[in-house]
$ cat upload.txt   # compact mmCIF, C-alpha atoms
# COMPACT_ATOMS: atom_id res chain seq x y z
CA MET A 618 25.21 -4.38 11.00
CA VAL A 619 21.54 -3.56 11.55
CA LEU A 620 22.58 0.09 11.62
CA VAL A 621 24.18 -0.26 8.19
CA PHE A 622 21.09 -2.09 6.98
CA ASN A 623 18.87 0.71 8.28
CA LEU A 624 21.05 3.31 6.58
CA LEU A 625 20.88 1.46 3.27
CA LEU A 626 17.15 1.08 3.70
CA MET A 627 16.95 4.87 3.75
CA LEU A 628 18.02 4.79 0.11
CA TYR A 629 14.66 3.29 -0.85
CA PRO A 630 11.65 5.49 -1.70
CA VAL A 631 9.68 6.42 1.40
CA GLU A 632 6.51 4.61 0.37
CA TYR A 633 8.51 1.44 -0.31
CA ARG A 634 10.11 1.66 3.15
CA SER A 635 6.74 2.22 4.67
CA GLU A 636 5.35 -0.88 2.98
CA PHE A 637 8.26 -3.30 3.33
CA GLY A 638 10.84 -1.73 5.67
CA ASP A 639 9.83 -3.49 8.88
CA GLU A 640 9.55 -6.85 7.15
CA MET A 641 12.89 -6.47 5.38
CA ARG A 642 14.63 -5.59 8.64
CA ALA A 643 13.10 -8.59 10.42
CA VAL A 644 14.08 -10.95 7.59
CA PHE A 645 17.61 -9.51 7.47
CA MET A 646 18.01 -10.01 11.21
CA ALA A 647 16.71 -13.58 11.00
CA LEU A 648 19.01 -14.37 8.07
CA THR A 649 22.12 -12.93 9.63
CA SER A 650 21.45 -14.48 13.04
CA SER A 651 21.35 -17.89 11.33
CA GLY A 652 24.98 -17.18 10.37
CA ASN A 653 25.00 -18.45 6.79
CA ARG A 654 24.65 -15.12 5.04
CA SER A 655 27.18 -12.70 3.71
CA TYR A 656 26.55 -9.16 4.89
CA LEU A 657 28.25 -7.86 1.80
CA ALA A 658 25.88 -9.69 -0.56
CA GLU A 659 22.88 -8.48 1.44
CA PHE A 660 24.06 -4.87 1.36
CA ALA A 661 24.90 -5.01 -2.34
CA ALA A 662 21.44 -6.40 -3.12
CA LEU A 663 19.89 -3.64 -1.01
CA MET A 664 21.72 -0.96 -2.99
CA ARG A 665 20.74 -2.55 -6.31
CA GLY A 666 17.15 -2.80 -5.10
CA ALA A 667 17.08 0.86 -4.03
CA VAL A 668 18.34 2.04 -7.42
CA SER A 669 15.83 -0.21 -9.17
CA GLU A 670 12.88 1.04 -7.07
CA HIS A 671 13.79 4.68 -7.71
CA TRP A 672 14.30 4.03 -11.39
CA HIS A 673 10.86 2.50 -11.78
CA ARG A 674 9.22 5.39 -9.95
CA VAL A 675 10.66 8.10 -12.13
CA SER A 676 7.98 9.50 -14.36
CA LEU A 677 8.92 11.00 -17.71
CA ARG A 678 6.90 14.16 -17.02
CA ALA A 679 8.53 14.82 -13.64
CA THR A 680 11.98 14.14 -15.05
CA ALA A 681 11.41 16.48 -18.00
CA SER A 682 10.06 19.13 -15.66
CA MET A 683 13.05 18.87 -13.31
CA ALA A 684 15.54 18.84 -16.16
CA GLY A 685 13.88 21.88 -17.74
CA GLY A 686 13.97 23.74 -14.42
CA ALA A 687 17.63 22.88 -13.90
CA VAL A 688 18.60 24.03 -17.40
CA PHE A 689 16.67 27.29 -16.95
CA ALA A 690 18.23 27.95 -13.53
CA PHE A 691 21.68 27.18 -14.85
CA GLY A 692 21.24 29.46 -17.87
CA LEU A 693 19.90 32.28 -15.74
CA HIS A 694 22.79 31.89 -13.37
CA VAL A 695 25.37 32.10 -16.16
CA VAL A 696 23.72 35.23 -17.59
CA MET A 697 23.60 36.93 -14.19
CA TYR A 698 27.17 35.98 -13.45
CA TRP A 699 28.54 37.32 -16.71
CA SER A 700 26.58 40.54 -16.48
CA LEU A 701 27.23 41.32 -12.79
CA VAL A 702 30.63 39.99 -11.79
CA PRO A 703 33.58 42.23 -12.75
CA ASP A 704 36.65 40.71 -14.44
CA LYS A 705 34.86 37.41 -14.92
CA GLY A 706 36.52 36.71 -18.26
CA LYS A 707 40.01 36.83 -16.76
CA ASN A 708 40.01 33.61 -14.86
CA LEU A 709 38.13 30.57 -16.11
CA GLY A 710 38.99 28.58 -12.98
CA ARG A 711 37.38 31.23 -10.80
CA VAL A 712 34.29 31.19 -13.01
CA LEU A 713 33.93 27.44 -12.70
CA GLU A 714 34.49 27.63 -8.95
CA HIS A 715 31.68 30.16 -8.59
CA LEU A 716 29.38 28.12 -10.77
CA ALA A 717 30.15 24.91 -8.92
CA SER A 718 29.31 26.45 -5.56
CA ARG A 719 26.00 27.75 -6.85
CA ILE A 720 25.10 24.49 -8.57
CA PHE A 721 25.81 22.76 -5.28
CA MET A 722 23.45 25.16 -3.50
CA ILE A 723 20.73 24.63 -6.12
CA ALA A 724 21.13 20.86 -5.89
CA MET A 725 20.94 21.02 -2.10
CA LEU A 726 17.79 23.13 -2.16
CA ALA A 727 16.26 20.81 -4.75
CA GLY A 728 17.13 17.86 -2.53
CA VAL A 729 15.46 19.50 0.46
CA ALA A 730 12.40 20.35 -1.64
CA PHE A 731 12.02 16.86 -3.04
CA GLY A 732 12.81 15.29 0.31
CA GLN A 733 9.61 16.71 1.83
CA GLN A 734 7.13 13.87 1.70
CA GLN A 735 3.40 14.27 2.10
CA PRO A 736 1.60 11.90 4.43
CA LYS A 737 0.92 8.88 2.34
CA GLN A 738 -1.45 6.01 2.87
CA ASP A 739 0.45 2.89 3.88
CA ALA A 740 -0.60 0.27 1.33
CA ALA A 741 -0.13 -2.66 3.72
CA THR A 742 -2.32 -1.05 6.37
CA LEU A 743 -5.01 -0.25 3.82
CA GLU A 744 -4.96 -3.88 2.66
CA LEU A 745 -5.20 -5.04 6.26
CA ALA A 746 -8.22 -2.80 6.90
CA LYS A 747 -9.89 -3.89 3.67
CA SER A 748 -9.37 -7.55 4.50
CA ILE A 749 -10.92 -7.12 7.97
CA TYR A 750 -14.06 -5.42 6.63
CA SER A 751 -14.32 -7.61 3.57
CA ARG A 752 -14.28 -10.72 5.76
CA ALA A 753 -16.88 -9.25 8.12
CA LEU A 754 -19.20 -8.13 5.31
CA THR A 755 -18.95 -11.52 3.58
CA ALA A 756 -19.71 -13.34 6.83
CA LEU A 757 -22.65 -11.00 7.44
CA GLN A 758 -24.08 -11.73 4.02
CA GLU A 759 -23.60 -15.47 4.33
CA ALA A 760 -24.86 -15.83 7.92
CA ARG A 761 -27.78 -18.27 8.18
CA THR A 762 -28.11 -18.83 11.92
CA LEU A 763 -27.77 -16.79 15.08
CA ASP A 764 -24.58 -18.71 15.85
CA ASP A 765 -23.14 -17.51 12.51
CA MET A 766 -24.00 -13.95 13.53
CA LYS A 767 -22.42 -14.37 16.97
CA LYS A 768 -19.26 -15.79 15.43
CA LEU A 769 -18.87 -12.88 13.03
CA ALA A 770 -19.48 -10.41 15.87
CA ASP A 771 -16.76 -12.19 17.92
CA ASP A 772 -14.38 -12.13 14.95
CA LEU A 773 -14.88 -8.41 14.37
CA ALA A 774 -15.41 -6.78 17.74
CA SER A 775 -13.84 -6.98 21.16
CA PRO A 776 -16.15 -8.18 24.00
CA ASP A 777 -15.94 -4.70 25.52
CA GLY A 778 -16.25 -2.84 22.22
CA ILE A 779 -18.43 0.26 22.15
CA SER A 780 -20.15 2.49 19.63
CA VAL A 781 -19.89 6.22 20.21
CA ASP A 782 -22.10 8.90 18.68
CA ARG A 783 -20.87 12.22 17.33
CA PHE A 784 -21.33 13.86 20.75
CA GLY A 785 -18.92 11.37 22.28
CA ARG A 786 -21.62 9.41 24.09
CA THR A 787 -21.54 5.62 24.23
CA VAL A 788 -24.72 4.60 22.47
CA LEU A 789 -24.16 0.88 22.11
CA THR A 790 -22.15 -1.65 24.06
CA ARG A 791 -21.12 -4.99 22.63
CA LYS A 792 -23.78 -6.72 24.75
CA GLU A 793 -26.49 -4.44 23.38
CA ALA A 794 -25.17 -4.91 19.85
CA ASP A 795 -25.35 -8.70 20.28
CA GLY A 796 -29.01 -8.29 21.23
CA GLU A 797 -29.66 -6.83 17.79
CA LEU A 798 -28.09 -9.70 15.86
CA ALA A 799 -31.40 -11.57 15.58
CA SER A 800 -33.13 -8.60 13.94
CA MET A 801 -30.17 -8.22 11.57
CA LEU A 802 -30.46 -11.92 10.68
CA ALA A 803 -34.12 -11.41 9.82
CA LEU A 804 -33.13 -9.05 6.99
CA PRO A 805 -32.56 -10.48 3.51
CA PRO A 806 -28.77 -11.07 2.99
CA GLU A 807 -28.44 -8.32 0.39
CA ARG A 808 -29.88 -5.75 2.79
CA ARG A 809 -27.57 -6.67 5.67
CA VAL A 810 -24.39 -5.42 4.08
CA THR A 811 -23.32 -2.05 2.92
CA GLN A 812 -20.44 -0.50 1.10
CA MET A 813 -17.48 1.33 2.63
CA ASP A 814 -15.01 3.76 1.12
CA ILE A 815 -11.88 3.85 3.27
CA LEU A 816 -10.38 7.34 3.53
CA TRP A 817 -7.46 6.61 5.81
CA ALA A 818 -6.03 3.61 7.61
CA GLU A 819 -3.12 3.87 10.01
CA GLN A 820 -1.43 1.32 12.19
CA ASN A 821 1.09 1.23 15.01
CA SER A 822 2.29 -1.72 17.01
CA ASP A 823 -1.05 -2.71 18.52
CA ARG A 824 -3.66 -0.26 17.22
CA LEU A 825 -5.29 0.26 13.87
CA ILE A 826 -7.55 3.19 13.03
CA VAL A 827 -9.75 3.36 9.99
CA VAL A 828 -11.70 6.40 8.82
CA ALA A 829 -14.32 5.59 6.20
CA TRP A 830 -17.49 6.70 4.53
CA VAL A 831 -20.20 4.18 5.19
CA LEU A 832 -23.49 3.70 3.38
CA PRO A 833 -22.66 5.81 0.35
CA ASN A 834 -25.90 5.73 -1.60
CA GLU A 835 -27.37 7.78 -4.41
CA VAL A 836 -30.87 9.25 -4.60
CA GLU A 837 -32.58 11.73 -6.87
CA ARG A 838 -34.35 14.62 -5.14
CA ILE A 839 -36.28 17.71 -6.15
CA ASP A 840 -34.56 20.58 -4.32
CA THR A 841 -37.58 22.53 -3.04
CA GLU A 842 -35.54 24.70 -0.64
CA GLY A 843 -32.88 25.74 -3.12
CA ASP A 844 -30.08 24.14 -1.08
CA PHE A 845 -28.18 22.93 -4.13
CA GLY A 846 -29.25 25.35 -6.86
CA PRO A 847 -32.43 27.01 -8.11
CA PRO A 848 -35.49 25.83 -6.12
CA GLY A 849 -37.39 23.07 -7.86
CA SER A 850 -34.39 21.65 -9.72
CA LYS A 851 -33.66 17.94 -9.66
CA HIS A 852 -30.34 16.70 -8.24
CA ARG A 853 -28.51 13.44 -7.78
CA LEU A 854 -27.35 13.27 -4.15
CA THR A 855 -24.63 10.96 -2.85
CA ARG A 856 -25.15 10.40 0.87
CA GLY A 857 -23.34 8.63 3.68
CA THR A 858 -21.88 8.93 7.13
CA LEU A 859 -18.29 9.23 8.29
CA VAL A 860 -17.06 6.68 10.81
CA ARG A 861 -13.82 6.01 12.65
CA ASP A 862 -13.08 2.50 13.85
CA ILE A 863 -10.32 1.70 16.32
CA PHE A 864 -8.99 -1.85 16.39
CA GLN A 865 -6.81 -3.46 19.03
CA LYS A 866 -4.39 -6.23 18.18
CA THR A 867 -5.14 -9.37 20.20
CA ALA A 868 -3.85 -12.93 20.26
CA ASN A 869 -6.78 -13.83 17.97
CA GLY A 870 -6.22 -11.03 15.46
CA TRP A 871 -7.56 -7.49 15.19
CA ARG A 872 -10.69 -6.68 17.16
CA ARG A 873 -12.68 -3.44 17.02
CA ILE A 874 -12.77 -1.71 20.38
CA GLN A 875 -14.51 1.51 19.36
CA HIS A 876 -16.79 2.58 16.55
CA ASP A 877 -17.30 6.37 16.26
CA LYS A 878 -20.00 7.76 14.04
CA LEU A 879 -18.78 11.29 13.29
CA PHE A 880 -21.56 12.57 10.98
CA PRO A 881 -25.32 12.13 10.99
CA ASN A 882 -26.67 9.40 8.73
CA ASP A 883 -27.24 10.44 5.13
CA THR A 884 -24.98 13.48 5.16
CA VAL A 885 -24.90 14.79 1.58
CA LEU A 886 -21.39 14.12 0.27
CA ALA A 887 -21.83 15.11 -3.36
CA VAL A 888 -24.41 16.80 -5.55
CA ASP A 889 -24.57 15.69 -9.18
CA GLY A 890 -21.15 14.11 -8.71
CA MET A 891 -19.54 17.30 -7.33
CA PRO A 892 -18.07 16.84 -3.82
CA ARG A 893 -19.53 19.03 -1.07
CA ILE A 894 -17.25 18.00 1.78
CA VAL A 895 -13.78 18.78 0.52
CA PRO A 896 -12.14 22.17 1.06
CA PRO A 897 -12.53 24.93 0.07
CA LEU A 898 -16.11 24.96 1.39
CA ASP A 899 -18.60 27.76 1.76
CA GLU A 900 -16.76 30.93 2.86
CA ARG A 901 -19.57 31.70 5.32
CA ASN A 902 -18.40 28.75 7.42
CA ARG A 903 -14.70 29.60 7.27
CA VAL A 904 -12.82 30.45 10.47
CA VAL A 905 -10.09 33.11 10.24
CA PRO A 906 -8.28 35.26 12.85
CA LYS A 907 -10.13 38.51 13.59
CA MET B 66 3.98 -2.55 -14.91
CA ARG B 67 7.39 -4.09 -14.92
CA HIS B 68 8.31 -7.30 -16.69
CA VAL B 69 6.84 -9.51 -14.01
CA ALA B 70 3.35 -8.91 -15.32
CA GLU B 71 3.98 -8.81 -19.01
CA LYS B 72 2.12 -11.44 -20.93
CA ASN B 73 4.18 -14.24 -22.53
CA HIS B 74 7.36 -12.94 -20.90
CA PRO B 75 9.47 -15.68 -19.27
CA LEU B 76 9.54 -15.32 -15.50
CA SER B 77 12.80 -14.36 -13.88
CA GLN B 78 14.34 -17.02 -11.66
CA PRO B 79 13.49 -15.27 -8.33
CA VAL B 80 9.89 -14.71 -9.45
CA PHE B 81 9.52 -18.30 -10.65
CA LEU B 82 10.88 -19.64 -7.37
CA ILE B 83 8.73 -17.35 -5.24
CA LEU B 84 5.59 -18.38 -7.10
CA THR B 85 6.59 -22.04 -6.86
CA SER B 86 7.15 -21.72 -3.14
CA LEU B 87 3.80 -20.01 -2.61
CA ALA B 88 2.03 -22.57 -4.79
CA HIS B 89 2.47 -24.99 -1.93
CA GLU B 90 1.26 -22.80 0.93
CA PRO B 91 1.19 -19.16 2.10
CA ARG B 92 4.50 -18.03 3.58
CA HIS B 93 6.15 -14.98 5.09
CA GLY B 94 9.42 -13.49 3.82
CA TYR B 95 11.91 -15.49 5.86
CA ALA B 96 10.06 -18.77 5.24
CA LEU B 97 10.11 -17.98 1.50
CA ILE B 98 13.88 -17.52 1.49
CA GLN B 99 14.39 -20.76 3.37
CA ASP B 100 12.00 -22.73 1.19
CA ILE B 101 13.55 -21.39 -2.01
CA GLU B 102 16.99 -22.39 -0.80
CA THR B 103 15.66 -25.89 -0.08
CA LEU B 104 13.73 -26.37 -3.31
CA SER B 105 16.67 -25.15 -5.40
CA GLY B 106 18.96 -27.61 -3.65
CA GLY B 107 20.88 -24.82 -1.97
CA GLN B 108 21.76 -23.16 -5.29
CA VAL B 109 19.61 -20.07 -4.91
CA ARG B 110 19.90 -17.88 -1.84
CA LEU B 111 17.66 -14.87 -2.29
CA SER B 112 18.79 -11.72 -0.55
CA THR B 113 16.35 -9.51 1.32
CA GLY B 114 16.55 -6.78 -1.33
CA THR B 115 15.90 -9.18 -4.20
CA LEU B 116 13.05 -10.91 -2.38
CA TYR B 117 11.15 -7.75 -1.50
CA GLY B 118 11.76 -6.16 -4.89
CA ALA B 119 10.07 -9.19 -6.46
CA LEU B 120 7.32 -9.34 -3.83
CA GLY B 121 6.50 -5.67 -4.43
CA ARG B 122 6.13 -6.23 -8.16
CA LEU B 123 4.09 -9.40 -7.69
CA LEU B 124 1.74 -7.60 -5.27
CA LYS B 125 1.22 -4.77 -7.74
CA ALA B 126 0.53 -7.23 -10.53
CA ARG B 127 -1.89 -9.07 -8.18
CA TRP B 128 -0.13 -12.38 -8.72
CA ILE B 129 0.20 -12.67 -4.96
CA GLU B 130 -1.66 -11.08 -2.07
CA ARG B 131 -1.20 -10.52 1.63
CA PHE B 132 -2.85 -13.16 3.70
CA GLU B 133 -4.02 -12.21 7.14
CA THR B 134 -2.98 -14.58 9.88
CA ASP B 135 -3.35 -14.30 13.61
CA ASP B 136 0.25 -13.19 14.07
CA ALA B 137 0.31 -10.87 11.04
CA SER B 138 2.37 -8.03 12.42
CA ARG B 139 3.98 -5.36 10.23
CA ASP B 140 7.27 -7.24 10.26
CA LYS B 141 5.75 -10.64 9.48
CA GLN B 142 3.31 -10.41 6.62
CA THR B 143 2.24 -13.64 4.97
CA TYR B 144 1.78 -13.90 1.23
CA ARG B 145 -0.22 -16.29 -0.88
CA LEU B 146 -0.64 -17.02 -4.56
CA THR B 147 -3.72 -15.59 -6.31
CA PRO B 148 -5.53 -17.48 -9.10
CA LEU B 149 -3.90 -15.04 -11.54
CA GLY B 150 -0.43 -15.85 -10.19
CA ARG B 151 -1.19 -19.57 -10.36
CA ASP B 152 -2.20 -19.21 -14.04
CA HIS B 153 1.03 -17.39 -14.87
CA LEU B 154 3.12 -19.97 -13.04
CA ALA B 155 1.35 -22.78 -14.92
CA GLU B 156 1.94 -20.94 -18.21
CA ASP B 157 5.64 -20.57 -17.51
CA LEU B 158 5.84 -24.19 -16.45
CA ASP B 159 4.32 -25.25 -19.79
CA ARG B 160 6.87 -23.08 -21.59
CA LEU B 161 9.75 -24.67 -19.65
CA LYS B 162 8.38 -28.17 -20.27
CA ALA B 163 8.21 -27.52 -24.02
CA LEU B 164 11.78 -26.19 -23.95
CA THR B 165 13.12 -29.17 -22.01
CA ARG B 166 11.36 -31.57 -24.40
CA VAL B 167 13.05 -29.88 -27.38
CA ALA B 168 16.42 -29.81 -25.64
CA ALA B 169 16.17 -33.48 -24.66
CA ALA B 170 15.14 -34.48 -28.20
CA ARG B 171 18.10 -32.63 -29.71
CA LEU B 172 20.51 -34.18 -27.25
CA ARG B 173 19.20 -37.65 -28.06
CA ALA B 174 19.45 -36.98 -31.80
CA LYS B 175 23.05 -35.81 -31.39
CA GLU B 176 24.00 -38.87 -29.31
CA ALA B 177 22.34 -41.24 -31.78

$ encode --input "upload.txt" --output "structure tokens"
Amino acid sequence: MVLVFNLLLMLYPVEYRSEFGDEMRAVFMALTSSGNRSYLAEFAALMRGAVSEHWHRVSLRATASMAGGAVFAFGLHVVMYWSLVPDKGKNLGRVLEHLASRIFMIAMLAGVAFGQQQPKQDAATLELAKSIYSRALTALQEARTLDDMKKLADDLASPDGISVDRFGRTVLTRKEADGELASMLALPPERRVTQMDILWAEQNSDRLIVVAWVLPNEVERIDTEGDFGPPGSKHRLTRGTLVRDIFQKTANGWRRIQHDKLFPNDTVLAVDGMPRIVPPLDERNRVVPK
Amino acid sequence: MRHVAEKNHPLSQPVFLILTSLAHEPRHGYALIQDIETLSGGQVRLSTGTLYGALGRLLKARWIERFETDDASRDKQTYRLTPLGRDHLAEDLDRLKALTRVAAARLRAKEA
């Protein structure tokens, strides 16, 4: 029965399955193992739910675009058929048979094309990552004593957690990081916390990785070197550093076991609001086969 | 956003029961189904598809949120009511109370 459930679950949109699939399967198994549920009712509700989820995801623009494409392809096909196939007017059944086979092929190709899903951020994992950091940042801002600081460090990081620089060297162990808590506490609360923009969060059974921009800040600079335009012009620079955090699932919740800083501090991410770190970048730095 | 978040729209029965269940304490999916069966006196048995369809809409509308617990694995997420969800539940409760008052008054008038 779980197999049937899994098959019916495949009817749902991929992002829905990614968000709720595991939970739904676990609940279904718990319900059916208790013995007071009708499989038929469960399966019927699944099918209704799948239709409903697809229906609410259909956008008018995409539908119009697909319908227009289908009409155009169909019209083109009819024209080609009538102009190229000999004796086509003699047998209407044969005409319809030909058309049906081609429509089937078009539908199959369209199905394959639309079935290709891009990697998509799992909403539940993103929420999990946001809740971990949000809790840590709030605790950091509200900490009043060294014990508060130690508690938040325990809640966030594993006892053997490490920080790694962009060359792959361990630059800070958890013990060393704990030694810096007092100096962090000495800062005014508003200066202890920063802002994070999460780029990607991904989870498997016991690991969670988060890639994020940290410390995005904006400054105005006179560009004396001409890095961003004519020398001497003024620019608004958005700066930050890219980090990757790896969390391990423990009996007490998620704990960070590794913090990788991938870029130098204050890497320029955008100039006057225009991104500098998304492809295509400067062709001089592009790598191609010789 | 679908009807769940539309202002002044009566809540559907599954949504009303889910919000009512979460008004008491955060729960995961299976606990929600069990609690709803209990609080409806065994009359409402939500199926998995119905439950998660409603949960998805309520999450999008921010009437509920995921609540991180120590055993929050991917197959056992816990949900809790947000202040926004609580307000909407209270609003619908007021609407139902007004309706029941009118219905009761009309019944009494008919019997008298």

$ atom_distance --input "upload.txt" --atom1 "atom CA of B:Arg145" --atom2 "atom CA of A:Lys768"
25.1 Å

$ closest_residue --input "upload.txt" --among "A:Ala829, A:Val810, A:Leu745, A:Ala740" --to "B:Leu124" --atoms "only C-alpha atoms"
A:Ala740

$ closest_atom_pairs --input "upload.txt" --of "chain A" --to "chain B" --cutoff "10 Å" --atoms "only C-alpha atoms" --output "tab-separated table"
residue	atom	partner	partner_atom	distance
A:Leu626	CA	B:Gly114	CA	9.4
A:Tyr633	CA	B:Gly121	CA	8.5
A:Ser635	CA	B:Arg139	CA	9.8
A:Glu636	CA	B:Arg139	CA	8.6
A:Phe637	CA	B:Tyr117	CA	7.2
A:Gly638	CA	B:Asp140	CA	8.0
A:Asp639	CA	B:Asp140	CA	4.7
A:Glu640	CA	B:Asp140	CA	3.9
A:Met641	CA	B:Thr113	CA	6.1
A:Arg642	CA	B:Asp140	CA	7.7
A:Ala643	CA	B:Asp140	CA	6.0
A:Val644	CA	B:Tyr95	CA	5.3
A:Phe645	CA	B:Thr113	CA	6.3
A:Met646	CA	B:Tyr95	CA	9.8
A:Ala647	CA	B:Tyr95	CA	7.3
A:Leu648	CA	B:Tyr95	CA	7.5
A:Arg654	CA	B:Ser112	CA	8.8
A:Ser655	CA	B:Ser112	CA	9.5
A:Tyr656	CA	B:Ser112	CA	9.8
A:Ala658	CA	B:Ser112	CA	7.4
A:Glu659	CA	B:Ser112	CA	5.6
A:Phe660	CA	B:Gly114	CA	8.2
A:Ala661	CA	B:Gly114	CA	8.6
A:Ala662	CA	B:Gly114	CA	5.2
A:Leu663	CA	B:Gly114	CA	4.6
A:Met664	CA	B:Gly114	CA	8.0
A:Arg665	CA	B:Gly114	CA	7.8
A:Gly666	CA	B:Gly114	CA	5.5
A:Ala667	CA	B:Gly114	CA	8.1
A:Ser669	CA	B:Gly118	CA	8.4
A:Glu670	CA	B:Gly118	CA	7.6
A:His673	CA	B:Arg67	CA	8.1
A:Ala741	CA	B:Arg139	CA	8.2
A:Thr742	CA	B:Arg139	CA	8.6
A:Glu744	CA	B:Arg131	CA	7.7
A:Leu745	CA	B:Glu133	CA	7.3
A:Ser748	CA	B:Glu133	CA	7.6
A:Ile749	CA	B:Glu133	CA	8.6
A:Gln820	CA	B:Arg139	CA	8.8
A:Asn821	CA	B:Arg139	CA	8.6
A:Ser822	CA	B:Ser138	CA	7.8
A:Asp823	CA	B:Ser138	CA	8.8
A:Lys866	CA	B:Ser138	CA	9.1
A:Thr867	CA	B:Asp135	CA	8.4
A:Ala868	CA	B:Asp135	CA	6.8
A:Asn869	CA	B:Asp135	CA	5.6
A:Gly870	CA	B:Asp135	CA	4.7
A:Trp871	CA	B:Asp135	CA	8.2

$ atom_distance --input "upload.txt" --atom1 "atom CA of B:Ala163" --atom2 "atom CA of B:Arg151"
18.4 Å

$ atom_distance --input "upload.txt" --atom1 "atom CA of A:Arg791" --atom2 "atom CA of A:Asp772"
12.5 Å

$ residues_around --input "upload.txt" --residues "stretch 152-159 of chain B" --least-positions-apart "5" --cutoff "12 Å" --atoms "all atoms listed in the file" --output "PyMOL selection string"
chain B and resi 69-78+80-88+123+126-129+146-147+164-166

$ write_last_selection --input "upload.txt" --atoms "C-alpha atoms" --output "CSV table (one decimal), in the coordinates of the input"
chain,number,residue,atom,x,y,z
B,69,VAL,CA,6.8,-9.5,-14.0
B,70,ALA,CA,3.4,-8.9,-15.3
B,71,GLU,CA,4.0,-8.8,-19.0
B,72,LYS,CA,2.1,-11.4,-20.9
B,73,ASN,CA,4.2,-14.2,-22.5
B,74,HIS,CA,7.4,-12.9,-20.9
B,75,PRO,CA,9.5,-15.7,-19.3
B,76,LEU,CA,9.5,-15.3,-15.5
B,77,SER,CA,12.8,-14.4,-13.9
B,78,GLN,CA,14.3,-17.0,-11.7
B,80,VAL,CA,9.9,-14.7,-9.4
B,81,PHE,CA,9.5,-18.3,-10.6
B,82,LEU,CA,10.9,-19.6,-7.4
B,83,ILE,CA,8.7,-17.4,-5.2
B,84,LEU,CA,5.6,-18.4,-7.1
B,85,THR,CA,6.6,-22.0,-6.9
B,86,SER,CA,7.2,-21.7,-3.1
B,87,LEU,CA,3.8,-20.0,-2.6
B,88,ALA,CA,2.0,-22.6,-4.8
B,123,LEU,CA,4.1,-9.4,-7.7
B,126,ALA,CA,0.5,-7.2,-10.5
B,127,ARG,CA,-1.9,-9.1,-8.2
B,128,TRP,CA,-0.1,-12.4,-8.7
B,129,ILE,CA,0.2,-12.7,-5.0
B,146,LEU,CA,-0.6,-17.0,-4.6
B,147,THR,CA,-3.7,-15.6,-6.3
B,164,LEU,CA,11.8,-26.2,-24.0
B,165,THR,CA,13.1,-29.2,-22.0
B,166,ARG,CA,11.4,-31.6,-24.4

$ residues_around --input "upload.txt" --residues "A:Asp840" --least-positions-apart "2" --cutoff "9 Å" --atoms "only C-alpha atoms" --output "mmCIF file with C-alpha atoms, in the frame of the given file"
data_model
loop_
_atom_site.group_PDB
_atom_site.id
_atom_site.type_symbol
_atom_site.label_atom_id
_atom_site.label_comp_id
_atom_site.auth_asym_id
_atom_site.auth_seq_id
_atom_site.Cartn_x
_atom_site.Cartn_y
_atom_site.Cartn_z
ATOM 1 C CA ARG A 838 -34.350 14.620 -5.140
ATOM 2 C CA GLU A 842 -35.540 24.700 -0.640
ATOM 3 C CA GLY A 843 -32.880 25.740 -3.120
ATOM 4 C CA ASP A 844 -30.080 24.140 -1.080
ATOM 5 C CA PHE A 845 -28.180 22.930 -4.130
ATOM 6 C CA GLY A 846 -29.250 25.350 -6.860
ATOM 7 C CA PRO A 847 -32.430 27.010 -8.110
ATOM 8 C CA PRO A 848 -35.490 25.830 -6.120
ATOM 9 C CA GLY A 849 -37.390 23.070 -7.860
ATOM 10 C CA SER A 850 -34.390 21.650 -9.720
ATOM 11 C CA LYS A 851 -33.660 17.940 -9.660
ATOM 12 C CA HIS A 852 -30.340 16.700 -8.240
#

$ closest_residue --input "upload.txt" --among "A:Gln865, A:Gln875, A:Thr762, A:Asn623" --to "A:Arg786" --atoms "all atoms listed in the file"
A:Gln875

$ build_atoms --input "upload.txt" --residues "stretch 107-114 of chain B" --atoms "N, CA and C atoms" --output "PDB file, in the frame of the given file"
ATOM      1  N   GLY B 107      19.837 -25.665  -2.549  1.00  0.00           N
ATOM      2  CA  GLY B 107      20.880 -24.820  -1.970  1.00  0.00           C
ATOM      3  C   GLY B 107      21.556 -23.902  -2.982  1.00  0.00           C
ATOM      4  N   GLN B 108      21.080 -23.956  -4.244  1.00  0.00           N
ATOM      5  CA  GLN B 108      21.760 -23.160  -5.290  1.00  0.00           C
ATOM      6  C   GLN B 108      21.325 -21.702  -5.285  1.00  0.00           C
ATOM      7  N   VAL B 109      20.102 -21.449  -4.871  1.00  0.00           N
ATOM      8  CA  VAL B 109      19.610 -20.070  -4.910  1.00  0.00           C
ATOM      9  C   VAL B 109      19.374 -19.570  -3.485  1.00  0.00           C
ATOM     10  N   ARG B 110      20.102 -18.537  -3.145  1.00  0.00           N
ATOM     11  CA  ARG B 110      19.900 -17.880  -1.840  1.00  0.00           C
ATOM     12  C   ARG B 110      19.452 -16.458  -2.116  1.00  0.00           C
ATOM     13  N   LEU B 111      18.167 -16.218  -2.017  1.00  0.00           N
ATOM     14  CA  LEU B 111      17.660 -14.870  -2.290  1.00  0.00           C
ATOM     15  C   LEU B 111      18.082 -13.925  -1.178  1.00  0.00           C
ATOM     16  N   SER B 112      18.493 -12.732  -1.568  1.00  0.00           N
ATOM     17  CA  SER B 112      18.790 -11.720  -0.550  1.00  0.00           C
ATOM     18  C   SER B 112      17.498 -10.978  -0.225  1.00  0.00           C
ATOM     19  N   THR B 113      17.537 -10.250   0.894  1.00  0.00           N
ATOM     20  CA  THR B 113      16.350  -9.510   1.320  1.00  0.00           C
ATOM     21  C   THR B 113      15.909  -8.511   0.252  1.00  0.00           C
ATOM     22  N   GLY B 114      16.884  -7.789  -0.325  1.00  0.00           N
ATOM     23  CA  GLY B 114      16.550  -6.780  -1.330  1.00  0.00           C
ATOM     24  C   GLY B 114      15.909  -7.398  -2.561  1.00  0.00           C
TER      25      GLY B 114
END
